Structures are given as structure tokens and as C-alpha cells.
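Scroll down for the structure; my scribbles are underneath it.
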Amino acid sequence: METETATRWLTEAEQCAWRTHLEVNRLLTYQLEKDLQPFGLTMNDYEILVNLSESEGVRMRMSDLAAATLQSKSRLSHQITRMENADLVRRENCESDRRGLYAVLTDHGLETMHKVAPHHVDSVRRHFIDLLSAEAAADLSKSLKPVAEHLRGHRGRP
């Protein structure tokens, strides 16, 4: 039988930090999505384009892409179908594993990435980076690294 431990409620300062993080995350994601809309892309589309454009041969196994984007294989498959219809990506069979598939960036997908990336970076700067001092950005990065490392270690676990 498990022993019950007392709940460690958040202090006022901790609650403020947590709620501010949640608000910034929601608002920033909303704004970045809004800024990608004129290009017909979502943040998920853009994340896939980035992953593929930065991969060797502008291709990734679907299972690796699902893991990199934290999407289920089923959800990613639907997303890739939509992106195939827009000629941004295509699927290719894996020669070494008949069950495996690659998502591959098309020429149009790469052109789209080159066209959209400067606008996206401008949006990130305008709505996030330029609002922080260099010291605050460094402190934020340093503060969040242990959280990211902790969460990366728990991926796939309940």
C-alpha cells in the first residue's frame, strides 16, 4: 500500500511563475500560428518542414519524425497526407525495411521553407526574443534547460 504524502502546494511566487508560463505559451503559440496563416501553414506544418529541412537528405523515417514532433504515428500520418496534398512533402518506401516509410521534403516544400523561415524568425523576434534583454534570455534558457532535460527523459512514459 502506498503511503500518502502531503501535497506540496505552490507558493504565491511559484504559482505566478507557472501561470505566467502557461499564459505566455498559449499567447505566443497563438500569435506564431496567426503569423503563419498567410502562408497556409500551421505550427505543426512548420515544425515538420524544419525537421525535414535539417535532416540528412531532407528526409526522416515517419517513426522518427513522429518522435521528434511529439505526435502519434496516426496523427502524423494524417498531417503528412495534408502536406502531400499541398506538395510540401512526399512519402517514400524504406528500402532496408519494407514496413518503414520516409517523409521527404519536396522541392516546393524546400522553397516554401526558404520563403517562410525569414517571416517566422521575424515573428519569433517581435513577439519573444526582442522583448527580453540578452541577460534575461540567457537566464531563461539556463532556467528551462533542467525542465527540458527532465521531460525528455520521461517521453513515452505515463
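Simple scheme: letters A, B, ... for chains in C-alpha cells order, numbers from 1 for residues in each chain, numbers from 1 for ligands in the order shown.
Within 9 Å of A:Ala103, once only C-alpha atoms are used and residues closer than 4 positions along the same chain are dropped, the contacting residues are Leu52, Val58, Arg59, Met60, Arg61, Met62, Leu65, Ile80, Val89, Arg90, Arg91 and Glu92 of chain A.
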Write to file, as an mmCIF file, in the first residue's frame, the residues of the selection just made, with N, CA, C and O atoms.
data_model
loop_
_atom_site.group_PDB
_atom_site.id
_atom_site.type_symbol
_atom_site.label_atom_id
_atom_site.label_comp_id
_atom_site.auth_asym_id
_atom_site.auth_seq_id
_atom_site.Cartn_x
_atom_site.Cartn_y
_atom_site.Cartn_z
ATOM 1 N N LEU A 52 12.491 18.227 -41.405
ATOM 2 C CA LEU A 52 12.923 17.620 -42.670
ATOM 3 C C LEU A 52 14.051 18.418 -43.311
ATOM 4 O O LEU A 52 15.017 17.843 -43.819
ATOM 5 N N VAL A 58 17.111 15.647 -46.550
ATOM 6 C CA VAL A 58 15.787 16.253 -46.327
ATOM 7 C C VAL A 58 14.702 15.188 -46.188
ATOM 8 O O VAL A 58 13.611 15.314 -46.725
ATOM 9 N N ARG A 59 15.013 14.155 -45.401
ATOM 10 C CA ARG A 59 14.088 13.044 -45.204
ATOM 11 C C ARG A 59 14.249 12.501 -43.801
ATOM 12 O O ARG A 59 15.327 12.580 -43.216
ATOM 13 N N MET A 60 13.160 11.953 -43.292
ATOM 14 C CA MET A 60 13.182 11.282 -41.991
ATOM 15 C C MET A 60 12.219 10.103 -42.037
ATOM 16 O O MET A 60 11.178 10.175 -42.707
ATOM 17 N N ARG A 61 12.568 9.067 -41.313
ATOM 18 C CA ARG A 61 11.613 7.970 -41.144
ATOM 19 C C ARG A 61 10.396 8.540 -40.429
ATOM 20 O O ARG A 61 10.522 9.387 -39.547
ATOM 21 N N MET A 62 9.226 8.082 -40.812
ATOM 22 C CA MET A 62 7.990 8.579 -40.212
ATOM 23 C C MET A 62 7.997 8.382 -38.701
ATOM 24 O O MET A 62 7.574 9.264 -37.960
ATOM 25 N N LEU A 65 10.167 11.052 -37.191
ATOM 26 C CA LEU A 65 9.506 12.349 -37.296
ATOM 27 C C LEU A 65 8.387 12.466 -36.264
ATOM 28 O O LEU A 65 8.218 13.515 -35.634
ATOM 29 N N ILE A 80 0.802 14.433 -42.617
ATOM 30 C CA ILE A 80 1.630 14.247 -43.822
ATOM 31 C C ILE A 80 0.746 14.145 -45.057
ATOM 32 O O ILE A 80 1.090 14.677 -46.120
ATOM 33 N N VAL A 89 5.542 17.745 -49.000
ATOM 34 C CA VAL A 89 6.293 16.526 -48.684
ATOM 35 C C VAL A 89 5.764 15.379 -49.535
ATOM 36 O O VAL A 89 4.688 15.479 -50.135
ATOM 37 N N ARG A 90 6.518 14.300 -49.555
ATOM 38 C CA ARG A 90 6.050 13.056 -50.174
ATOM 39 C C ARG A 90 6.536 11.906 -49.296
ATOM 40 O O ARG A 90 7.472 12.057 -48.514
ATOM 41 N N ARG A 91 5.898 10.776 -49.443
ATOM 42 C CA ARG A 91 6.321 9.574 -48.728
ATOM 43 C C ARG A 91 7.106 8.693 -49.678
ATOM 44 O O ARG A 91 6.793 8.613 -50.865
ATOM 45 N N GLU A 92 8.118 8.052 -49.125
ATOM 46 C CA GLU A 92 8.901 7.083 -49.887
ATOM 47 C C GLU A 92 9.070 5.839 -49.040
ATOM 48 O O GLU A 92 9.207 5.936 -47.816
#
A:Arg75: which residues within 12 Å, counting only C-alpha atoms, same-chain residues fewer than 6 positions away excluded, as a VMD selection string? chain A and resid 44 62 to 63 65 to 67 69 81 to 82
Give me every strand (DSSP E) residue in chain A, going by DSSP on the backbone, as number ranges by chain. A: 59-61, 89-93, 101-105
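For the choices A:Asp45, A:Glu135, A:Asp35, A:Glu23, the atom-to-atom distance to A:His119 is smallest for A:Asp35 when using only C-alpha atoms.
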At what distance in Å, to one decimal, does atom CA of A:Leu88 lie from atom CA of A:Lys34? 19.7 Å
Step one, run DSSP on the backbone; step two, keep only residues of stretch 29-104 of chain A assigned to helix (DSSP H, G or I); then write them as number ranges by chain. A: 29-39, 43-53, 56-58, 62-69, 73-85
Please list as a count of residues only every residue within 12 Å of stretch 141-147 of chain A, counting only C-alpha atoms and excluding residues in the same chain fewer than 5 positions away. 10
